[in-house]
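Remarks on the structure that follows.
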Amino acid sequence: MKEKLAVAVLGASGRMGSEAVAAVEAAEDMELVAALGRTDPLETLVSAGARCMVDLTVPDSTEANVRFAVEHGIHAVVGTTGWDAGRLARLQELLQASPGTGVLIAPNFALGSVLATAFAAKAARYFESVELIELHHPDKVDAPSGTAVRTASLIAQAREEAGVAPSPDATTKELPGARGAEVNGVHVHSVRLRGLVAHQEVLLGGPGEQLTIRHDSFDRASFMPGVLLGLRQVAEHPGLTVGLDGYLNLND
Ligand SMILES: NC(=O)C1=CN([C@@H]2O[C@H](COP(=O)(O)OP(=O)(O)OC[C@H]3O[C@@H](n4cnc5c(N)ncnc54)[C@H](OP(=O)(O)O)[C@@H]3O)[C@@H](O)[C@H]2O)C=CC1
Ligand SMILES: O=C(O)C1=N[C@H](C(=O)O)C[C@H](O)C1
């Protein structure tokens, strides 16, 4: 019989972490060897024999967690937000010293969200205007969401490569924040509302028409197939991968 994949979950008692613990325990090809909270030492990953870890903690701790994993040759699947360009560059450098180790930074594990982002990036060059609205539960600590930052960045890159002008905007008077945050020139509006889980709309506007690309996660169960897929594949993808789309053959 094939050996089970030894998995550790960091942030195990959080909203996502507790779902991930249950998903790993239910997966026949995986064994949960450690479930860590804020006060547990990272050395547990080594003593428990973890081959892969999934980080579902907080933006303040994720970089140190992943650094520890890479330094100990433990593959990392990361759902936690806060991975800006500086952090990614430091991680790339670290991975050079551990070329067999894989790290997946996945701003969103939901397949529908990954597809929505890819569709939005594809559509972005054909429309004069584009803005994003992301809507989340009010216990979320970061804004805009990691998914929105990733989507806006890919949209901006696609528009730049196609030579599309910035979205028109005649605003000269505004209350601070009225036009949202700007991510690489794309306006992103963040809503925090009790009852929501994780939702995003990309609004694309052209003369006389609008295309809206919307994704809704109504339940954190939506993220678990992506978490498990990431854990199963991360060892086969040494180095850094940003976005679950890197493990999906979306262009086939
Ligand atoms: N990629 C994706 O698809 C998704 C990503 N996310 C992201 O995942 C992250 C977690 O979200 P969510 O579960 O809602 O947040 P929660 O606040 O519910 O959970 C975070 C957990 O991490 C724990 N924690 C904090 N620091 C550490 C540490 N150093 N080591 C281990 N555990 C630690 C916290 O413990 P304590 O309570 O003691 O502080 C808490 O239990 C966020 O960044 C969120 O944006 C969320 C959903 C989907
Ligand atoms: O905090 C959340 O809940 C979520 N965080 C991720 C993000 O910031 O994009 C993924 C999803 O939107 C849920």
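FYI, nothing fancy with the structure tokens labels: chains A, B, ... in order, residues from 1 per chain, ligands from 1 as they appear.
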
For the interface of chain A with ligand 1 (cut-off 9 Å, counting only C-alpha atoms and all ligand atoms), please tabulate each contacting residue of chain A alongside its nearest pair of atoms and their separation in Å to one decimal, rows sorted by chain and increasing number, as CSV.
residue,atom,partner,partner_atom_place_in_ligand_line,distance
A:Val9,CA,ligand 1,31 (C),8.3
A:Leu10,CA,ligand 1,31 (C),4.7
A:Gly11,CA,ligand 1,32 (N),3.5
A:Ala12,CA,ligand 1,41 (O),6.0
A:Ser13,CA,ligand 1,41 (O),4.4
A:Gly14,CA,ligand 1,19 (O),3.3
A:Arg15,CA,ligand 1,13 (O),3.8
A:Met16,CA,ligand 1,13 (O),3.6
A:Gly17,CA,ligand 1,13 (O),5.6
A:Ser18,CA,ligand 1,13 (O),7.8
A:Glu19,CA,ligand 1,13 (O),8.6
A:Ala35,CA,ligand 1,31 (C),8.6
A:Leu36,CA,ligand 1,31 (C),5.3
A:Gly37,CA,ligand 1,32 (N),3.8
A:Arg38,CA,ligand 1,33 (C),3.7
A:Thr39,CA,ligand 1,30 (N),6.7
A:Asp40,CA,ligand 1,30 (N),6.8
A:Pro41,CA,ligand 1,30 (N),8.1
A:Leu42,CA,ligand 1,30 (N),7.8
A:Asp55,CA,ligand 1,8 (O),7.7
A:Leu56,CA,ligand 1,8 (O),4.6
A:Thr57,CA,ligand 1,22 (O),3.4
A:Val58,CA,ligand 1,43 (O),4.9
A:Pro59,CA,ligand 1,43 (O),5.6
A:Asp60,CA,ligand 1,26 (N),7.4
A:Ser61,CA,ligand 1,29 (N),4.8
A:Thr62,CA,ligand 1,29 (N),7.0
A:Ala64,CA,ligand 1,29 (N),8.1
A:Asn65,CA,ligand 1,29 (N),6.9
A:Val78,CA,ligand 1,1 (N),7.0
A:Gly79,CA,ligand 1,1 (N),3.5
A:Thr80,CA,ligand 1,43 (O),3.6
A:Thr81,CA,ligand 1,43 (O),4.0
A:Gly82,CA,ligand 1,43 (O),7.0
A:Ile105,CA,ligand 1,1 (N),7.9
A:Ala106,CA,ligand 1,1 (N),5.1
A:Pro107,CA,ligand 1,1 (N),4.2
A:Asn108,CA,ligand 1,3 (O),3.3
A:Phe109,CA,ligand 1,3 (O),3.7
A:Ala110,CA,ligand 1,3 (O),5.9
A:Ser113,CA,ligand 1,3 (O),8.7
A:His137,CA,ligand 1,14 (O),8.9
A:Asp139,CA,ligand 1,14 (O),7.4
A:Lys140,CA,ligand 1,14 (O),6.4
A:Val141,CA,ligand 1,45 (O),7.6
A:Asp142,CA,ligand 1,45 (O),7.0
A:Ser145,CA,ligand 1,45 (O),6.7
A:Gly146,CA,ligand 1,45 (O),6.6
A:Thr147,CA,ligand 1,1 (N),7.8
A:Val197,CA,ligand 1,47 (C),8.6
A:Ala198,CA,ligand 1,47 (C),7.6
A:Arg220,CA,ligand 1,47 (C),7.0
A:Ser222,CA,ligand 1,3 (O),8.4
A:Phe223,CA,ligand 1,3 (O),5.4
A:Met224,CA,ligand 1,3 (O),8.3
A:Gly226,CA,ligand 1,3 (O),7.8
A:Val227,CA,ligand 1,3 (O),7.8

Near Glu236 (chain A), counting only C-alpha atoms, which residues have an atom at most 12 Å away, once you skip same-chain residues fewer than 4 positions from it, shown as a count of residues only? 17

Residues within 8 Å of region 159-165 of chain A, please, as a ChimeraX atom specification. Count only C-alpha atoms; anything in the same chain fewer than 3 positions from it doesn't count. /A:124-125,128,155-156

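Non-sequential neighbours of Gly195 (chain A) (distance at most 10 Å, separation of 4 or more positions within a chain, only C-alpha atoms) are His136, His137, Pro138 and Phe218 of chain A.
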
Using C-alpha atoms, can you write the selected residues to a file as a short mmCIF file (atom, residue, chain, number, x, y, z; two decimals), in the first residue's frame?
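Final output, saved to out.cif:
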data_model
loop_
_atom_site.label_atom_id
_atom_site.label_comp_id
_atom_site.auth_asym_id
_atom_site.auth_seq_id
_atom_site.Cartn_x
_atom_site.Cartn_y
_atom_site.Cartn_z
CA HIS A 136 -16.19 39.30 2.84
CA HIS A 137 -17.24 38.45 6.40
CA PRO A 138 -16.44 41.24 8.90
CA PHE A 218 -20.98 30.45 0.43
#

Would you please extract all alpha helix (DSSP H) residues from region 4-239 of chain A, as assigned by DSSP on the backbone, and give them as a count of residues only? 81

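Between CA of Arg192 (chain A) and CA of Ala116 (chain A) lies a distance of 20.6 Å.
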
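The spacing separating CA of Val130 (chain A) from CA of His199 (chain A) amounts to 17.0 Å.
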
Which of these, A:Thr117, A:Ser167, A:Gln233, A:Asn249, has the shortest distance to ligand 2 once you count only C-alpha atoms and all ligand atoms? A:Thr117

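Using only C-alpha atoms and all ligand atoms, the shortest contact distance between ligand 2 and any of A:His237, A:Arg51, A:Arg194, A:Arg179 is found at A:Arg194.
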
Using only C-alpha atoms, the residue out of A:Ala158, A:Glu134, A:Arg150, A:Leu111 with shortest distance to Leu250 (chain A) is A:Leu111

A:Val70, A:Val114, A:Ala221, A:Met30: which is nearest Leu5 (chain A), counting only C-alpha atoms? A:Met30

Can you measure CA of Glu71 (chain A) to CA of Gly86 (chain A) for me? One decimal in Å is fine. 18.5 Å
